[in-house]
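Okay, so here's the structure we're looking at.
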Amino acid sequence: MRTKNRILLAAAPFVLTGVVLAGCTAVTADADSPAATTETASVQNVDASLTAEEVLADNADATTVSADEAATSAETTITLTGDSAEVEGEGASVEGSTVTISAGGTYRLTGSVTGSVVVAAPDDAVVAIILDDAEIANPDGAAIAITGADDVALVLADGSDNTLSDAASYADDAEVNATLYSDADLTISGTGSLTVEGNGNDGITSKDDLKILSGTVTVVAADDGLRGKDSLTIEGGTVSVTAGGDGLSSDQDADETQGYVWISGGELHVTSAGDAVSAATDVVITAGDLTLDSGGGASAVLADDVSAKAVKGGVYVVVEGGTIDADAADDAIHSNGAVHLNDGTLTLASGDDGIHADTALAIDGGDTTITASYEGLESTDISIAGGKLAVTASDDGLNASSGSGESMQDSGEMITISGGDTTIDAGGDGFDSNGSATMSGGTLTIWGPTNDGNGAIDVNGTFDVSGGTLLAAGSAGMAMAPSTDSAQGWVFATASGTEGSTVEIVADGTVVAEYTADTSFSTVVYSGAEIMSGTTYDVVVDGSSTTVTAGEGGTSGMGPGQGGQQGGGMPGGTRPGGTDDDQP
């Protein structure tokens, strides 16, 4: 099995073969708030072809805690009585309005209390807490504080409704600073419901692994909603989070095998001022239904120091299933390393990049629609081998850029199209590589731009076409064709039309390709298996024919240099009013 390469380097020059400059980020203690300051950390090597299984294999296994592991000869019942509690059984005691669990075992909580529950068991203890219509409100701190135990299972009893709420604020140096706080591995399961009101800081925090297996969990938090420092795993249930910081996060940056988020099931609804899903290392999504709204959505104006991405991974983002419906003020999908989309249905709206990877972006399956973005796809290396992709961008549709700013020469970036069905509607360059590009299979359809300062195709190096079907209809000012020595023929025509126009490619009176235009255009480029260099063809727009010779016309080879820079002429790739692409 291949493994991911995460060698951390103090410094390195830019190299195309998978090195990220300005990779993951170091953050301050309260860094998960949307206004947190950040600093660029070190370089990472990544392989965008890695599968979810391969990425997860290099991570530490997350702990799953079963209530059965805590089973003893008798269950202890704790009845909450308003300002105190009554205990029937062993292992728990009451002092005032504080219940303390001091031994491993199973504890059933019912009733309501204005106070707290503290778990201070031995370090090797396994504790199961069954919430059975329990309401715990602590105006002075956490509702449940797990400060001692090895593993804790929190079980939501069948049909029960449970509520936890905490203090309005915490001291800056408070260690216990969440409504449900755990120093131990914490697993939430059951078929009941849990509502968590995080008034002072986070909703649910585990300093180890946090796992949700089932149940209905609703969290409203002043800062982060769900935070598993070592890992956060969601396997099932219905999870709704409204957060003033990040929605779901794992931020362990001291161990490269931890700090990951894995979603393998469940129904998630996240509304966050910061990132909706954020991991210091990897975000892996293999199943589940995710609805994510970060930073107020794609139309919001985002402050320069705010990160509000829908899905953000410090090393990898891998999607192999499920559905993602994201509306993000910042990038919809972002990795400081690599992104791999293999399966799933994604509908993405972004105020910045639809999908961004600092080093490499690979798509070989799934159905992805980017309904709004500044730039659709952006990475140093972009590879599309399968799946269905539709991109709408106000600037570049596909942009291969290292983030180094303006360049008129081939600087090593690459776009590779070998399969799939890709459609681009762009206001800037449709298909833009600061380096080179190749197409050997699949279909690529580009509509736009309409302005003469950009082109449907803008490649600084060579654009070799050896297979597949290409149509690019855009403006005339920067119009470009594939390389003249491409193995597959192509035609270039100066031919105008409007949205709804019929575009036909005709060979000896036979229509070999037909399209309905999505936007106005002044030039047409077409390449398909039927086109032979040196042969004449007719490009017909709404019945008006233009005769051209395959392999002639347009600008081919080295691009004109005008649009071949990140951000379509804006060094650094930052949209107006947006954040830098390297913002974590």
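Ordering of the structure tokens sets the chain letters (A, B, ...), residue numbers begin anew at 1 in every chain, and ligands are numbered from 1 in the order given.
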Within 10 Å of Thr438 of chain A, counting only C-alpha atoms, which residues show up once you throw out same-chain ones fewer than 4 positions away? Write them as a PDB file with C-alpha atoms, in the first residue's frame, please.
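Written file, selection.pdb:
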ATOM      1  CA  SER A 383      -5.529  16.394 -13.251  1.00  0.00           C
ATOM      2  CA  MET A 414       0.414  21.486 -15.528  1.00  0.00           C
ATOM      3  CA  ILE A 415      -3.189  20.715 -16.438  1.00  0.00           C
ATOM      4  CA  THR A 416      -3.827  17.130 -17.545  1.00  0.00           C
ATOM      5  CA  ILE A 417      -7.175  16.055 -18.993  1.00  0.00           C
ATOM      6  CA  SER A 418      -7.406  12.317 -19.669  1.00  0.00           C
ATOM      7  CA  THR A 462       2.508  23.883 -24.852  1.00  0.00           C
ATOM      8  CA  PHE A 463      -1.047  22.585 -25.083  1.00  0.00           C
ATOM      9  CA  ASP A 464      -0.848  19.134 -26.667  1.00  0.00           C
ATOM     10  CA  VAL A 465      -4.101  17.427 -27.654  1.00  0.00           C
ATOM     11  CA  SER A 466      -3.915  13.735 -28.502  1.00  0.00           C
ATOM     12  CA  GLY A 467      -7.461  12.611 -27.758  1.00  0.00           C
ATOM     13  CA  PRO A 482      -3.687  23.982 -29.102  1.00  0.00           C
ATOM     14  CA  SER A 483      -0.095  23.393 -30.158  1.00  0.00           C
ATOM     15  CA  SER A 486      -0.657  18.081 -31.461  1.00  0.00           C
TER      16      SER A 486
END
Next on the checklist: For segment 431-435 of chain A, find every residue with an atom within 6 Å (counting only C-alpha atoms), except residues of its own chain fewer than 2 positions away, and show them as a PyMOL selection string.
Outcome noted: chain A and resi 398-401+410-414+429+457-461+564
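Shortest separation to Ser84 of chain A among A:Gly104, A:Gly365, A:Gly115, A:Gly236 occurs at residue A:Gly115, atoms counted being only C-alpha atoms.
Atom CA of Glu86 of chain A sits 14.3 Å away from atom CA of Ile136 of chain A.
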Next on the checklist: Report, in Å with one decimal, the straight-line distance from atom CA of Leu131 of chain A to atom CA of Val241 of chain A.
Outcome noted: 19.9 Å
Checklist entry - Which residues come within 8 Å of Ala360 of chain A, counting only C-alpha atoms, excluding same-chain residues fewer than 6 positions away, as a PyMOL selection string? => result chain A and resi 18+46-48+337-339+379-383
Could you dump the residues just selected with N, CA, C and O atoms as a compact mmCIF listing (two decimals), in the first residue's frame?
# COMPACT_ATOMS: atom_id res chain seq x y z
N GLY A 18 5.28 18.05 -6.40
CA GLY A 18 4.57 17.79 -5.16
C GLY A 18 5.05 18.48 -3.93
O GLY A 18 4.80 18.03 -2.83
N VAL A 46 3.19 15.73 -0.98
CA VAL A 46 1.89 15.06 -1.04
C VAL A 46 1.73 14.32 -2.37
O VAL A 46 2.42 14.61 -3.34
N ASP A 47 0.82 13.36 -2.40
CA ASP A 47 0.49 12.60 -3.59
C ASP A 47 -1.01 12.64 -3.76
O ASP A 47 -1.75 12.00 -3.00
N ALA A 48 -1.49 13.37 -4.75
CA ALA A 48 -2.93 13.58 -4.91
C ALA A 48 -3.67 12.34 -5.35
O ALA A 48 -4.90 12.31 -5.31
N GLY A 337 -2.14 21.06 0.87
CA GLY A 337 -1.39 20.06 0.14
C GLY A 337 -2.13 19.63 -1.10
O GLY A 337 -2.01 20.25 -2.14
N ALA A 338 -2.91 18.52 -0.99
CA ALA A 338 -3.55 17.94 -2.16
C ALA A 338 -5.03 17.70 -1.93
O ALA A 338 -5.47 17.45 -0.80
N VAL A 339 -5.80 17.74 -3.02
CA VAL A 339 -7.22 17.39 -3.03
C VAL A 339 -7.42 16.25 -4.02
O VAL A 339 -6.91 16.31 -5.15
N SER A 379 -4.69 25.05 -8.64
CA SER A 379 -3.62 24.28 -8.04
C SER A 379 -2.40 24.38 -8.92
O SER A 379 -2.47 24.81 -10.08
N THR A 380 -1.25 23.99 -8.39
CA THR A 380 -0.05 23.91 -9.21
C THR A 380 -0.21 22.84 -10.29
O THR A 380 0.21 23.01 -11.43
N ASP A 381 -0.83 21.72 -9.91
CA ASP A 381 -1.02 20.61 -10.83
C ASP A 381 -2.49 20.19 -10.78
O ASP A 381 -3.00 19.84 -9.71
N ILE A 382 -3.18 20.23 -11.91
CA ILE A 382 -4.59 19.85 -11.99
C ILE A 382 -4.71 18.67 -12.93
O ILE A 382 -4.25 18.72 -14.07
N SER A 383 -5.34 17.59 -12.45
CA SER A 383 -5.53 16.39 -13.25
C SER A 383 -6.99 15.98 -13.20
O SER A 383 -7.56 15.82 -12.12
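For the pair atom CA of Leu80 of chain A and atom CA of Gly141 of chain A, the separation is 17.5 Å.
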Checklist entry - Just asking: which residues within segment 41-233 of chain A are alpha helix (DSSP H) according to DSSP, as a PyMOL selection string? => result chain A and resi 52-57
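Close contacts of Asp452 of chain A, defined as residues with an atom at most 7 Å away when counting only C-alpha atoms, with chain neighbours fewer than 2 positions off set aside, comprise Thr450, Asn454, Ser475, Ala476, Gly477 and Met478 of chain A.
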Item to check | Distance query Ser206 of chain A at most 12 Å, only C-alpha atoms, self and fewer than 5 positions along chain excluded, as a PyMOL selection string | outcome: chain A and resi 63+144-147+150-152+175-188+211-212+224-233+248-252+259
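Those residues that approach segment 368-372 of chain A to within 8 Å, counting only C-alpha atoms, are Ala298, Gly344, Thr345, Leu346, Thr347, Leu348, Ala349, Ser350, Gly351, Gly354, Gly387, Lys388, Leu389, Ala390, Val391, Thr392, Ala393 and Ser394 of chain A; same-chain residues fewer than 5 positions away are not listed.
Residues surrounding Val117 of chain A within 10 Å are Ala92, Val94, Ser97, Thr98, Val99, Thr100, Ile101, Leu109, Ile136, Ala137, Asn138, Ala142, Ala143, Ile144, Ala145, Ile146 and Leu180 of chain A [only C-alpha atoms; sequence separation below 6 positions excluded].
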Next on the checklist: Taking the DSSP secondary structure from the backbone, can you list the residues of segment 217-267 of chain A that are strand (DSSP E), as a VMD selection string?
Outcome noted: chain A and resid 217 to 221 226 to 228 231 to 234 238 to 243 248 to 250 260 to 267
Please report as a tab-separated table every residue of segment 267-302 of chain A lying within 10 Å of segment 331-334 of chain A, along with the nearest atom pair and their distance in Å (one decimal), using only C-alpha atoms.
residue	atom	partner	partner_atom	distance
A:Asp275	CA	A:Ala332	CA	9.6
A:Ala276	CA	A:Ala332	CA	9.5
A:Val277	CA	A:Ile333	CA	9.7
A:Ser278	CA	A:His334	CA	9.5
A:Val283	CA	A:His334	CA	9.9
A:Leu292	CA	A:Ala332	CA	9.1
A:Asp293	CA	A:Ala332	CA	9.3
A:Ser294	CA	A:Ala332	CA	8.7
A:Gly297	CA	A:Ala332	CA	9.6
A:Ala298	CA	A:Ala332	CA	8.9
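The residue that comes closest to Thr516 of chain A, out of A:Asp542, A:Glu267, A:Glu530, A:Asp161 and on the basis of only C-alpha atoms, is A:Asp542.
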